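Enquirer: Structure supplied as structure_15.tsv; contents: TSV, C-alpha atoms.
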```tsv
chain	number	residue	atom	x	y	z
A	53	VAL	CA	57.05	-34.06	18.03
A	54	LYS	CA	57.45	-30.29	18.02
A	55	ASP	CA	61.23	-30.68	18.31
A	56	ILE	CA	61.21	-32.96	15.26
A	57	HIS	CA	59.19	-30.39	13.35
A	58	ASP	CA	61.57	-27.60	14.33
A	59	THR	CA	64.59	-29.69	13.31
A	60	PHE	CA	63.31	-30.46	9.82
A	61	LYS	CA	61.51	-27.22	8.92
A	62	GLN	CA	64.75	-25.77	7.54
A	63	TYR	CA	64.61	-28.39	4.76
A	64	ASN	CA	61.12	-27.42	3.63
A	65	GLU	CA	61.74	-25.46	0.45
A	66	GLN	CA	58.07	-24.60	-0.10
A	67	LYS	CA	57.41	-23.42	3.46
A	68	LYS	CA	54.39	-25.67	3.80
A	69	LYS	CA	52.14	-25.51	6.80
A	70	VAL	CA	52.62	-28.32	9.31
A	71	LYS	CA	49.89	-29.53	11.62
A	72	LEU	CA	50.81	-31.62	14.65
A	73	ILE	CA	48.01	-33.83	15.96
A	74	CYS	CA	48.37	-35.36	19.42
A	75	ASP	CA	45.57	-37.87	19.75
A	76	GLU	CA	44.90	-41.59	19.51
A	77	TYR	CA	45.27	-42.18	15.80
A	78	GLU	CA	42.07	-44.21	15.65
A	79	ASN	CA	40.13	-41.14	16.86
A	80	ALA	CA	42.01	-38.37	15.07
A	81	LYS	CA	40.07	-36.55	12.35
A	82	ILE	CA	42.36	-36.64	9.33
A	83	GLU	CA	41.29	-35.23	5.98
A	84	PRO	CA	41.48	-37.52	2.94
A	85	ASN	CA	43.89	-36.80	0.07
A	86	LYS	CA	45.42	-33.83	1.89
A	87	TYR	CA	48.97	-34.65	2.98
A	88	ASP	CA	52.21	-35.07	1.05
A	89	MET	CA	53.91	-37.15	3.70
A	90	ALA	CA	53.22	-39.03	6.92
A	91	LEU	CA	55.72	-40.33	9.46
A	92	THR	CA	54.93	-42.48	12.45
A	93	SER	CA	56.43	-45.01	14.77
A	94	PRO	CA	53.40	-46.91	16.01
A	95	PRO	CA	53.38	-48.88	19.25
A	96	TYR	CA	54.77	-52.40	18.85
A	97	PHE	CA	51.75	-54.31	20.13
A	98	ASP	CA	52.84	-55.19	23.66
A	99	VAL	CA	55.58	-52.69	24.47
A	100	GLU	CA	53.79	-49.34	24.51
A	101	LYS	CA	53.31	-47.60	27.83
A	102	TYR	CA	51.31	-44.40	27.36
A	103	GLU	CA	50.03	-42.52	30.38
A	104	GLY	CA	46.25	-42.44	30.39
A	105	GLY	CA	44.07	-43.30	27.45
A	106	LYS	CA	43.57	-46.51	25.57
A	107	GLN	CA	46.53	-48.76	24.81
A	108	SER	CA	46.61	-50.43	21.39
A	109	HIS	CA	47.87	-53.63	23.01
A	110	GLU	CA	44.59	-54.12	24.86
A	111	ALA	CA	43.85	-56.55	22.03
A	112	ASN	CA	43.92	-60.18	23.18
A	113	ASN	CA	46.74	-61.22	20.85
A	114	TYR	CA	48.96	-60.03	18.01
A	115	GLU	CA	46.57	-61.16	15.25
A	116	GLU	CA	43.70	-59.19	16.80
A	117	TRP	CA	45.98	-56.13	17.30
A	118	LYS	CA	47.08	-56.36	13.67
A	119	GLU	CA	43.47	-56.31	12.42
A	120	LEU	CA	42.12	-53.75	14.92
A	121	PHE	CA	45.06	-51.31	15.04
A	122	TYR	CA	47.92	-51.92	12.58
A	123	ALA	CA	45.85	-52.44	9.41
A	124	PRO	CA	43.50	-49.48	10.14
A	125	LEU	CA	46.52	-47.24	10.87
A	126	ILE	CA	48.05	-48.05	7.48
A	127	LEU	CA	44.73	-47.71	5.61
A	128	LYS	CA	43.84	-44.41	7.33
A	129	THR	CA	47.27	-43.05	6.45
A	130	TYR	CA	46.88	-44.17	2.84
A	131	GLU	CA	43.52	-42.42	2.59
A	132	SER	CA	44.97	-39.19	4.06
A	133	LEU	CA	47.79	-38.92	1.51
A	134	LYS	CA	47.67	-37.18	-1.85
A	135	PRO	CA	48.48	-39.28	-4.93
A	136	GLU	CA	52.23	-39.98	-4.88
A	137	GLY	CA	52.26	-39.22	-1.13
A	138	VAL	CA	54.91	-40.91	0.98
A	139	PHE	CA	54.47	-42.78	4.26
A	140	ALA	CA	57.54	-43.48	6.41
A	141	LEU	CA	56.61	-46.17	8.91
A	142	GLN	CA	59.30	-46.73	11.55
A	143	ILE	CA	59.05	-50.23	12.96
A	144	GLY	CA	61.08	-52.79	14.81
A	145	SER	CA	60.42	-56.52	14.59
A	146	GLN	CA	61.38	-57.36	18.14
A	147	LYS	CA	58.88	-60.16	18.77
A	148	TYR	CA	56.35	-59.87	15.97
A	149	PRO	CA	56.61	-59.70	12.15
A	150	LEU	CA	55.75	-56.00	11.92
A	151	LEU	CA	57.81	-55.43	8.77
A	152	LYS	CA	56.45	-58.46	6.92
A	153	ASP	CA	52.86	-57.73	7.98
A	154	GLY	CA	53.25	-53.99	7.35
A	155	LYS	CA	54.35	-54.64	3.75
A	156	LYS	CA	51.41	-57.02	3.14
A	157	ILE	CA	48.86	-54.62	4.61
A	158	ALA	CA	50.35	-51.64	2.76
A	159	LYS	CA	50.16	-53.42	-0.60
A	160	ARG	CA	46.51	-54.37	0.05
A	161	CYS	CA	45.77	-50.71	0.76
A	162	GLY	CA	47.35	-49.53	-2.49
A	163	PHE	CA	50.84	-48.55	-1.37
A	164	ALA	CA	53.96	-49.47	-3.28
A	165	VAL	CA	56.94	-50.45	-1.15
A	166	GLU	CA	59.68	-48.01	-2.18
A	167	GLU	CA	62.44	-48.88	0.24
A	168	ILE	CA	63.33	-50.45	3.56
A	169	ARG	CA	65.87	-48.14	5.16
A	170	LYS	CA	67.98	-49.04	8.16
A	171	THR	CA	67.86	-46.56	11.01
A	172	LEU	CA	71.05	-47.86	12.62
A	173	MET	CA	69.11	-48.04	15.89
A	174	LYS	CA	69.36	-51.16	18.01
A	175	ASN	CA	66.35	-52.34	19.93
A	176	SER	CA	66.38	-53.47	23.53
A	177	CYS	CA	66.57	-57.20	22.74
A	178	LYS	CA	70.25	-58.12	22.96
A	179	THR	CA	69.81	-61.25	20.85
A	180	THR	CA	68.09	-59.45	17.96
A	181	ALA	CA	70.03	-59.50	14.70
A	182	ASP	CA	70.87	-56.24	12.91
A	183	GLU	CA	68.33	-56.92	10.16
A	184	ASP	CA	65.57	-57.11	12.78
A	185	SER	CA	66.36	-53.80	14.47
A	186	GLU	CA	64.51	-50.56	13.78
A	187	VAL	CA	63.81	-49.84	10.10
A	188	LEU	CA	61.87	-47.31	8.06
A	189	LEU	CA	59.38	-48.87	5.68
A	190	ILE	CA	59.05	-46.24	2.95
A	191	LEU	CA	55.72	-46.49	1.14
A	192	LYS	CA	54.36	-44.49	-1.77
A	193	LYS	CA	50.69	-44.01	-2.59
A	194	ALA	CA	49.86	-45.28	-6.03
A	195	HIS	CA	47.60	-43.48	-8.50
A	196	LEU	CA	44.36	-45.26	-7.64
A	197	GLU	CA	40.88	-43.83	-7.78
A	198	SER	CA	39.70	-45.91	-4.84
A	199	VAL	CA	41.28	-47.76	-1.98
A	200	ALA	CA	41.55	-51.52	-2.24
A	201	PRO	CA	39.69	-53.48	0.40
A	202	THR	CA	41.83	-54.44	3.38
A	203	LYS	CA	40.45	-57.96	3.76
```
Show how you would write the structure in this file as structure tokens.
Expert:
Amino acid sequence: VKDIHDTFKQYNEQKKKVKLICDEYENAKIEPNKYDMALTSPPYFDVEKYEGGKQSHEANNYEEWKELFYAPLILKTYESLKPEGVFALQIGSQKYPLLKDGKKIAKRCGFAVEEIRKTLMKNSCKTTADEDSEVLLILKKAHLESVAPTK
């Protein structure tokens, strides 16, 4: 993560302060309405392999994971962004409809879907079509006074 920061800091015209947080996202203390942008590539339900700590795929099935991890991740990110903030969510639909579900959840939270950008990265599934490889779901926080319920 630090290498990514160092790579992109040259493009920061306003020399903004960057804070890197290395923690389980569910536990991280993130201030509301503070950030201009968020970028993450969350674990894809059953393919993460972190050393130590809780795994998000400890959920019993994809539907449970989506409600206990994926939806809260998107909502927490929405709440942390300033109005007009941007969230770049890198996902790959290898076995599960992460893009489709991510768009639905994001809209419920108050995001507008700005763009779906190809990353030109192939995933490890040889039979996966190009349109199902890694993509960036670019979301923008709308001007809302309160967050829409996620259910």
Enquirer: Between atom CA of A:Ile56 and atom CA of A:Ala90, what distance in Å does the model show, to one decimal?
Expert: 13.0 Å
Enquirer: Quick one: residues within 7 Å of A:Gln142, only C-alpha atoms counted, chain neighbours fewer than 6 positions away excluded, as a PyMOL selection string?
Expert: chain A and resi 92-93+186-189
Enquirer: Between atom CA of A:Leu127 and atom CA of A:Phe163, what is the spacing in Å?
Expert: 9.3 Å
Enquirer: Looking at only C-alpha atoms, which of A:Ile157, A:Tyr130, A:Leu191, A:Leu151 is the one that sits closest to A:Asn85?
Expert: A:Tyr130
Enquirer: Enter the distance from atom CA of A:Asn79 to atom CA of A:Phe139, in Å, rounded to one decimal.
Expert: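 About the pair atom CA of A:Asn79 and atom CA of A:Phe139: they are 19.2 Å apart.
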Enquirer: Given the choices A:Ile168, A:Cys161, A:Ala111, A:Ile190, which gets closest to A:Leu91 if the distance is worked out from all atoms listed in the file?
Expert: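 For A:Leu91, the nearest of the candidates is A:Ile190.
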